[in-house]
$ cat query.cif   # mmCIF, C-alpha atoms, pLDDT in the B column; chains and numbers go by the auth columns
data_work
loop_
_atom_site.group_PDB
_atom_site.id
_atom_site.type_symbol
_atom_site.label_atom_id
_atom_site.label_comp_id
_atom_site.label_asym_id
_atom_site.label_seq_id
_atom_site.Cartn_x
_atom_site.Cartn_y
_atom_site.Cartn_z
_atom_site.B_iso_or_equiv
_atom_site.auth_seq_id
_atom_site.auth_asym_id
ATOM 1 C CA MET A 1 3.567 -31.887 47.331 87.00 1 T
ATOM 2 C CA PRO A 2 6.270 -29.177 47.616 91.00 2 T
ATOM 3 C CA LYS A 3 5.211 -25.603 47.010 95.00 3 T
ATOM 4 C CA ILE A 4 6.291 -23.775 43.854 97.00 4 T
ATOM 5 C CA GLN A 5 9.094 -21.382 44.753 97.00 5 T
ATOM 6 C CA ILE A 6 8.385 -17.927 43.340 98.00 6 T
ATOM 7 C CA ALA A 7 10.738 -14.932 43.383 98.00 7 T
ATOM 8 C CA VAL A 8 9.365 -11.453 42.693 98.00 8 T
ATOM 9 C CA ALA A 9 11.570 -8.942 40.884 98.00 9 T
ATOM 10 C CA GLY A 10 10.484 -5.387 41.586 96.00 10 T
ATOM 11 C CA ALA A 11 9.121 -4.412 44.979 92.00 11 T
ATOM 12 C CA GLY A 12 7.053 -1.448 43.819 89.00 12 T
ATOM 13 C CA LEU A 13 3.271 -1.126 43.644 85.00 13 T
ATOM 14 C CA ILE A 14 2.604 -4.111 41.357 89.00 14 T
ATOM 15 C CA GLY A 15 5.439 -6.216 42.785 94.00 15 T
ATOM 16 C CA ARG A 16 4.033 -5.885 46.285 93.00 16 T
ATOM 17 C CA ARG A 17 0.616 -6.973 45.019 93.00 17 T
ATOM 18 C CA HIS A 18 2.228 -10.070 43.482 95.00 18 T
ATOM 19 C CA ILE A 19 4.065 -10.737 46.756 96.00 19 T
ATOM 20 C CA GLU A 20 0.767 -10.529 48.625 95.00 20 T
ATOM 21 C CA LEU A 21 -0.915 -12.965 46.229 94.00 21 T
ATOM 22 C CA VAL A 22 1.986 -15.435 46.332 96.00 22 T
ATOM 23 C CA GLN A 23 1.890 -15.373 50.131 95.00 23 T
ATOM 24 C CA GLN A 24 -1.858 -16.076 50.063 95.00 24 T
ATOM 25 C CA SER A 25 -1.447 -19.052 47.738 95.00 25 T
ATOM 26 C CA ASN A 26 -1.699 -22.643 48.962 96.00 26 T
ATOM 27 C CA ARG A 27 0.464 -23.860 46.066 96.00 27 T
ATOM 28 C CA CYS A 28 3.198 -21.230 45.931 96.00 28 T
ATOM 29 C CA GLU A 29 5.768 -19.863 48.334 97.00 29 T
ATOM 30 C CA LEU A 30 7.638 -16.574 48.127 97.00 30 T
ATOM 31 C CA SER A 31 11.309 -17.480 47.912 97.00 31 T
ATOM 32 C CA ALA A 32 13.058 -14.146 47.264 97.00 32 T
ATOM 33 C CA VAL A 33 12.584 -10.491 46.457 97.00 33 T
ATOM 34 C CA ILE A 34 14.798 -8.909 43.822 97.00 34 T
ATOM 35 C CA ASP A 35 15.190 -5.141 43.813 96.00 35 T
ATOM 36 C CA PRO A 36 18.272 -2.892 43.620 95.00 36 T
ATOM 37 C CA VAL A 37 16.824 -0.578 46.293 93.00 37 T
ATOM 38 C CA PRO A 38 17.286 -2.103 49.770 94.00 38 T
ATOM 39 C CA LEU A 39 13.977 -2.725 51.511 93.00 39 T
ATOM 40 C CA PRO A 40 13.570 -1.928 55.211 92.00 40 T
ATOM 41 C CA LYS A 41 14.416 -4.841 57.505 92.00 41 T
ATOM 42 C CA GLU A 42 10.876 -4.955 58.890 92.00 42 T
ATOM 43 C CA THR A 43 9.486 -5.297 55.343 92.00 43 T
ATOM 44 C CA LEU A 44 11.824 -8.186 54.541 90.00 44 T
ATOM 45 C CA ASP A 45 11.016 -9.780 57.908 92.00 45 T
ATOM 46 C CA ALA A 46 7.315 -9.560 57.028 91.00 46 T
ATOM 47 C CA PHE A 47 8.005 -11.166 53.640 92.00 47 T
ATOM 48 C CA GLY A 48 10.127 -13.824 55.331 93.00 48 T
ATOM 49 C CA VAL A 49 12.680 -13.952 52.511 94.00 49 T
ATOM 50 C CA LYS A 50 16.073 -12.646 51.467 94.00 50 T
ATOM 51 C CA GLN A 51 16.469 -9.737 49.057 96.00 51 T
ATOM 52 C CA TYR A 52 18.863 -9.783 46.113 97.00 52 T
ATOM 53 C CA PRO A 53 19.887 -6.683 44.139 97.00 53 T
ATOM 54 C CA ASP A 54 19.562 -8.411 40.745 97.00 54 T
ATOM 55 C CA LEU A 55 18.461 -11.640 39.081 97.00 55 T
ATOM 56 C CA GLN A 56 21.972 -12.981 38.523 97.00 56 T
ATOM 57 C CA ARG A 57 22.811 -12.868 42.219 97.00 57 T
ATOM 58 C CA CYS A 58 19.488 -14.479 43.061 97.00 58 T
ATOM 59 C CA PHE A 59 20.031 -17.293 40.551 97.00 59 T
ATOM 60 C CA THR A 60 23.566 -17.876 41.839 96.00 60 T
ATOM 61 C CA ALA A 61 22.425 -18.150 45.475 95.00 61 T
ATOM 62 C CA HIS A 62 18.965 -19.598 44.971 88.00 62 T
ATOM 63 C CA ARG A 63 17.215 -20.889 41.856 93.00 63 T
ATOM 64 C CA PRO A 64 13.437 -20.375 42.144 97.00 64 T
ATOM 65 C CA ASP A 65 10.915 -22.327 40.092 97.00 65 T
ATOM 66 C CA GLY A 66 9.640 -19.078 38.637 98.00 66 T
ATOM 67 C CA VAL A 67 10.094 -15.322 38.689 98.00 67 T
ATOM 68 C CA ILE A 68 7.483 -12.612 38.434 98.00 68 T
ATOM 69 C CA LEU A 69 8.995 -9.619 36.635 97.00 69 T
ATOM 70 C CA ALA A 70 7.180 -6.592 38.067 95.00 70 T
ATOM 71 C CA THR A 71 9.932 -4.211 37.064 94.00 71 T
ATOM 72 C CA PRO A 72 9.962 -1.116 34.822 88.00 72 T
ATOM 73 C CA ASN A 73 9.022 -1.935 31.231 86.00 73 T
ATOM 74 C CA ALA A 74 12.443 -1.061 29.820 86.00 74 T
ATOM 75 C CA LEU A 75 13.990 -3.863 31.936 92.00 75 T
ATOM 76 C CA HIS A 76 11.617 -6.640 30.835 92.00 76 T
ATOM 77 C CA VAL A 77 13.516 -7.857 27.780 94.00 77 T
ATOM 78 C CA GLU A 78 16.916 -8.157 29.459 96.00 78 T
ATOM 79 C CA GLN A 79 15.486 -9.692 32.626 97.00 79 T
ATOM 80 C CA THR A 80 13.414 -12.168 30.623 97.00 80 T
ATOM 81 C CA ARG A 81 16.568 -13.181 28.744 97.00 81 T
ATOM 82 C CA GLN A 82 18.283 -13.779 32.082 97.00 82 T
ATOM 83 C CA CYS A 83 15.392 -16.018 33.166 98.00 83 T
ATOM 84 C CA ILE A 84 15.533 -17.910 29.854 97.00 84 T
ATOM 85 C CA ASP A 85 19.309 -18.380 30.195 96.00 85 T
ATOM 86 C CA ALA A 86 18.842 -19.700 33.735 97.00 86 T
ATOM 87 C CA GLY A 87 16.004 -22.025 32.676 97.00 87 T
ATOM 88 C CA VAL A 88 13.604 -20.295 35.069 97.00 88 T
ATOM 89 C CA ALA A 89 9.956 -19.763 34.129 97.00 89 T
ATOM 90 C CA ALA A 90 8.820 -16.140 34.159 97.00 90 T
ATOM 91 C CA LEU A 91 5.624 -14.170 34.347 96.00 91 T
ATOM 92 C CA ILE A 92 6.374 -10.816 32.739 95.00 92 T
ATOM 93 C CA GLU A 93 4.192 -7.874 33.613 91.00 93 T
ATOM 94 C CA LYS A 94 2.769 -6.297 30.507 86.00 94 T
ATOM 95 C CA PRO A 95 4.056 -5.060 28.176 86.00 95 T
ATOM 96 C CA VAL A 96 6.559 -7.790 27.480 87.00 96 T
ATOM 97 C CA ALA A 97 8.887 -5.289 25.809 87.00 97 T
ATOM 98 C CA HIS A 98 9.249 -1.544 25.421 82.00 98 T
ATOM 99 C CA SER A 99 9.168 -1.740 21.603 84.00 99 T
ATOM 100 C CA VAL A 100 7.733 -4.066 18.974 86.00 100 T
ATOM 101 C CA GLU A 101 11.232 -4.749 17.600 92.00 101 T
ATOM 102 C CA GLU A 102 12.539 -5.818 21.013 91.00 102 T
ATOM 103 C CA GLY A 103 9.423 -7.909 21.592 91.00 103 T
ATOM 104 C CA LYS A 104 9.971 -9.781 18.317 94.00 104 T
ATOM 105 C CA LYS A 105 13.618 -10.447 19.179 94.00 105 T
ATOM 106 C CA LEU A 106 12.617 -11.753 22.582 94.00 106 T
ATOM 107 C CA LEU A 107 9.929 -13.970 21.056 94.00 107 T
ATOM 108 C CA ALA A 108 12.500 -15.573 18.743 96.00 108 T
ATOM 109 C CA ILE A 109 14.851 -16.215 21.681 95.00 109 T
ATOM 110 C CA ALA A 110 12.025 -17.634 23.812 96.00 110 T
ATOM 111 C CA GLU A 111 10.776 -19.932 21.057 96.00 111 T
ATOM 112 C CA GLY A 112 14.327 -21.106 20.299 96.00 112 T
ATOM 113 C CA ALA A 113 14.837 -21.997 23.954 96.00 113 T
ATOM 114 C CA ASN A 114 11.344 -23.452 24.442 96.00 114 T
ATOM 115 C CA ALA A 115 11.089 -21.048 27.379 96.00 115 T
ATOM 116 C CA ARG A 116 8.218 -21.067 29.844 95.00 116 T
ATOM 117 C CA LEU A 117 6.920 -17.493 29.745 95.00 117 T
ATOM 118 C CA LEU A 118 3.607 -15.806 30.436 91.00 118 T
ATOM 119 C CA VAL A 119 2.728 -12.146 29.978 88.00 119 T
ATOM 120 C CA GLY A 120 0.722 -10.626 32.821 85.00 120 T
ATOM 121 C CA HIS A 121 -2.468 -9.801 30.960 79.00 121 T
ATOM 122 C CA HIS A 122 -4.557 -10.648 34.006 76.00 122 T
ATOM 123 C CA ARG A 123 -7.804 -9.434 32.454 78.00 123 T
ATOM 124 C CA ALA A 124 -7.652 -12.375 30.053 76.00 124 T
ATOM 125 C CA HIS A 125 -8.623 -14.503 33.063 78.00 125 T
ATOM 126 C CA SER A 126 -11.661 -12.414 33.968 83.00 126 T
ATOM 127 C CA PRO A 127 -14.917 -14.418 34.073 90.00 127 T
ATOM 128 C CA ILE A 128 -16.696 -11.444 32.481 88.00 128 T
ATOM 129 C CA LEU A 129 -14.324 -11.447 29.516 85.00 129 T
ATOM 130 C CA ALA A 130 -14.521 -15.246 29.309 87.00 130 T
ATOM 131 C CA LYS A 131 -18.299 -14.934 28.937 90.00 131 T
ATOM 132 C CA ALA A 132 -17.854 -12.275 26.235 86.00 132 T
ATOM 133 C CA ARG A 133 -15.454 -14.580 24.347 87.00 133 T
ATOM 134 C CA ASP A 134 -17.985 -17.414 24.599 89.00 134 T
ATOM 135 C CA LEU A 135 -20.759 -15.229 23.176 88.00 135 T
ATOM 136 C CA VAL A 136 -18.562 -14.195 20.250 87.00 136 T
ATOM 137 C CA ARG A 137 -17.383 -17.759 19.506 87.00 137 T
ATOM 138 C CA GLU A 138 -20.884 -19.202 19.794 90.00 138 T
ATOM 139 C CA GLY A 139 -22.154 -16.691 17.226 88.00 139 T
ATOM 140 C CA VAL A 140 -24.714 -15.202 19.611 90.00 140 T
ATOM 141 C CA LEU A 141 -23.848 -11.744 18.270 85.00 141 T
ATOM 142 C CA GLY A 142 -23.961 -12.879 14.629 87.00 142 T
ATOM 143 C CA ASP A 143 -21.179 -12.338 12.107 85.00 143 T
ATOM 144 C CA LEU A 144 -19.083 -9.484 13.415 82.00 144 T
ATOM 145 C CA VAL A 145 -17.743 -7.135 10.777 81.00 145 T
ATOM 146 C CA ALA A 146 -16.321 -4.441 13.042 80.00 146 T
ATOM 147 C CA VAL A 147 -15.495 -3.887 16.673 81.00 147 T
ATOM 148 C CA GLN A 148 -14.908 -0.606 18.451 78.00 148 T
ATOM 149 C CA GLY A 149 -13.278 -0.327 21.845 75.00 149 T
ATOM 150 C CA SER A 150 -12.837 2.608 24.177 74.00 150 T
ATOM 151 C CA ALA A 151 -10.532 3.203 27.093 72.00 151 T
ATOM 152 C CA VAL A 152 -11.665 6.050 29.297 75.00 152 T
ATOM 153 C CA PHE A 153 -9.525 6.539 32.358 72.00 153 T
ATOM 154 C CA TYR A 154 -7.487 9.194 34.077 75.00 154 T
ATOM 155 C CA LYS A 155 -4.172 8.694 35.788 77.00 155 T
ATOM 156 C CA PRO A 156 -3.254 11.538 38.144 79.00 156 T
ATOM 157 C CA ASP A 157 0.213 13.098 37.974 81.00 157 T
ATOM 158 C CA ASP A 158 1.289 11.400 41.198 81.00 158 T
ATOM 159 C CA TYR A 159 0.834 7.999 39.505 78.00 159 T
ATOM 160 C CA PHE A 160 3.622 8.971 37.098 79.00 160 T
ATOM 161 C CA ASP A 161 5.611 10.862 39.739 75.00 161 T
ATOM 162 C CA ALA A 162 5.715 7.800 42.028 75.00 162 T
ATOM 163 C CA ALA A 163 7.728 5.891 39.414 74.00 163 T
ATOM 164 C CA VAL A 164 9.752 8.108 37.081 73.00 164 T
ATOM 165 C CA TRP A 165 10.168 5.274 34.545 74.00 165 T
ATOM 166 C CA ARG A 166 6.445 5.578 33.750 75.00 166 T
ATOM 167 C CA ARG A 167 7.245 8.860 31.959 74.00 167 T
ATOM 168 C CA LEU A 168 10.174 7.457 29.950 74.00 168 T
ATOM 169 C CA GLU A 169 10.333 5.470 26.696 75.00 169 T
ATOM 170 C CA GLY A 170 8.520 2.195 27.236 72.00 170 T
ATOM 171 C CA GLY A 171 6.209 3.781 29.812 72.00 171 T
ATOM 172 C CA GLY A 172 3.245 6.091 29.444 72.00 172 T
ATOM 173 C CA PRO A 173 -0.486 5.395 29.504 73.00 173 T
ATOM 174 C CA ILE A 174 -0.555 3.487 26.197 71.00 174 T
ATOM 175 C CA LEU A 175 1.912 0.758 27.212 73.00 175 T
ATOM 176 C CA ILE A 176 0.968 0.723 30.889 73.00 176 T
ATOM 177 C CA ASN A 177 -2.804 1.150 30.777 75.00 177 T
ATOM 178 C CA MET A 178 -4.345 1.078 27.295 75.00 178 T
ATOM 179 C CA ILE A 179 -2.514 -2.154 26.512 75.00 179 T
ATOM 180 C CA HIS A 180 -5.147 -3.852 28.718 78.00 180 T
ATOM 181 C CA GLU A 181 -7.930 -2.741 26.376 80.00 181 T
ATOM 182 C CA ILE A 182 -5.990 -3.850 23.305 79.00 182 T
ATOM 183 C CA GLY A 183 -5.378 -7.194 25.013 81.00 183 T
ATOM 184 C CA ASN A 184 -9.102 -7.501 25.779 80.00 184 T
ATOM 185 C CA LEU A 185 -10.054 -6.838 22.150 81.00 185 T
ATOM 186 C CA ARG A 186 -7.495 -9.364 20.877 80.00 186 T
ATOM 187 C CA ALA A 187 -8.616 -11.998 23.407 78.00 187 T
ATOM 188 C CA ASP A 188 -12.310 -11.554 22.646 81.00 188 T
ATOM 189 C CA PHE A 189 -12.195 -11.056 18.884 81.00 189 T
ATOM 190 C CA GLY A 190 -8.902 -12.582 17.755 78.00 190 T
ATOM 191 C CA GLU A 191 -6.084 -11.075 15.748 74.00 191 T
ATOM 192 C CA ARG A 192 -6.920 -8.291 13.321 64.00 192 T
ATOM 193 C CA ASP A 193 -5.622 -7.907 9.804 60.00 193 T
ATOM 194 C CA ARG A 194 -5.679 -4.123 10.191 57.00 194 T
ATOM 195 C CA ALA A 195 -4.019 -2.048 12.870 53.00 195 T
ATOM 196 C CA PHE A 196 -5.986 -0.704 15.776 48.00 196 T
ATOM 197 C CA ARG A 197 -6.671 3.002 15.485 48.00 197 T
#

$ encode --input "query.cif" --output "structure tokens"
Amino acid sequence: MPKIQIAVAGAGLIGRRHIELVQQSNRCELSAVIDPVPLPKETLDAFGVKQYPDLQRCFTAHRPDGVILATPNALHVEQTRQCIDAGVAALIEKPVAHSVEEGKKLLAIAEGANARLLVGHHRAHSPILAKARDLVREGVLGDLVAVQGSAVFYKPDDYFDAAVWRRLEGGGPILINMIHEIGNLRADFGERDRAFR
């Protein structure tokens, strides 16, 4: 059976982790790296693939089965649209968009095109969270009337300095980090009829 050809857009911290995981997979094969900043030759040699400066040039030269979008949040919507237009499946690092309005527009486009998209909420696949979901659904905790969640973490300044986009609109600790906790609450307890506070 041929391996699934995966391109990774964004060769930063998270992109390189995705590259590592794709290379470790028995079912997938890294087929390209997409990043406007040229990578050192020895890095590309280690990856064993060609680099493209943008998705369009990659799709023109080589059409992968899927793309992992590990790019700055503000690029997600446009890059996801490019994947949809090319008929290429995409895993989009969270958040899917840098605003609710843009996310809703993208959802309408994706549904209209019957696009194959997945948002990178990796914690949803945690066995610990799966067990918590089971306990809630089985009624072990009784009828829940309220849920409170906390996110206690500290990101040092160099985390934001390493990637300037993390300090711009669409970045910041709420969309980059706290979104995991909101995703966990939604996965475990379902959609809420009142906003999270």

$ residues_around --input "query.cif" --residues "stretch 111-122 of chain T" --least-positions-apart "4" --cutoff "7 Å" --atoms "all atoms listed in the file" --output "ChimeraX atom specification"
/T:84,89-94,96,107,180

$ closest_residue --input "query.cif" --among "T:Ser150, T:Asn73, T:Gln79, T:Gln51" --to "T:Leu39" --atoms "all atoms listed in the file"
T:Gln51

$ residues_around --input "query.cif" --residues "T:Met1" --least-positions-apart "5" --cutoff "12 Å" --atoms "only C-alpha atoms" --output "mmCIF file with C-alpha atoms, keeping the file's coordinate frame"
data_model
loop_
_atom_site.group_PDB
_atom_site.id
_atom_site.type_symbol
_atom_site.label_atom_id
_atom_site.label_comp_id
_atom_site.auth_asym_id
_atom_site.auth_seq_id
_atom_site.Cartn_x
_atom_site.Cartn_y
_atom_site.Cartn_z
ATOM 1 C CA ASN T 26 -1.699 -22.643 48.962
ATOM 2 C CA ARG T 27 0.464 -23.860 46.066
ATOM 3 C CA CYS T 28 3.198 -21.230 45.931
#

$ residues_around --input "query.cif" --residues "T:Gln82" --least-positions-apart "6" --cutoff "10 Å" --atoms "all atoms listed in the file" --output "list in words"
Leu55, Gln56, Phe59, His76, Val88 and Ala90 of chain T

$ resolve_selection --input "query.cif" --expression "the PyMOL selection byres ((chain T and resi 133) around 12)" --output "MDAnalysis selection string"
chainID T and resid 124:132 134:141 184:190

$ closest_residue --input "query.cif" --among "T:Pro64, T:Gly170, T:Gly48, T:Pro36" --to "T:Val100" --atoms "only C-alpha atoms"
T:Gly170

$ axis_aligned_box --input "query.cif" --around "stretch 165-177 of chain T" --padding-each-side "8 Å" --output "AutoDock Vina command-line options"
--center_x 3.8 --center_y 4.8 --center_z 30.4 --size_x 29.1 --size_y 24.1 --size_z 24.3

$ resolve_selection --input "query.cif" --expression "the PyMOL selection byres ((chain T and resi 70) around 7)" --output "PyMOL selection string"
chain T and resi 9-10+14-15+68-69+71-72+92-93

$ atom_distance --input "query.cif" --atom1 "atom CA of T:Gln24" --atom2 "atom CA of T:Lys155"
28.7 Å

$ closest_residue --input "query.cif" --among "T:Ile34, T:Leu13, T:Ala146, T:Ala74" --to "T:Leu168" --atoms "all atoms listed in the file"
T:Ala74

$ resolve_selection --input "query.cif" --expression "the PyMOL selection byres ((chain T and resi 31) around 6)" --output "count of residues only"
6

$ closest_residue --input "query.cif" --among "T:Gly183, T:Gly12, T:Gly142, T:Pro95" --to "T:Ala162" --atoms "all atoms listed in the file"
T:Gly12

$ atom_distance --input "query.cif" --atom1 "atom CA of T:Ile19" --atom2 "atom CA of T:Phe47"
7.9 Å

$ atom_distance --input "query.cif" --atom1 "atom CA of T:Glu20" --atom2 "atom CA of T:Tyr52"
18.3 Å
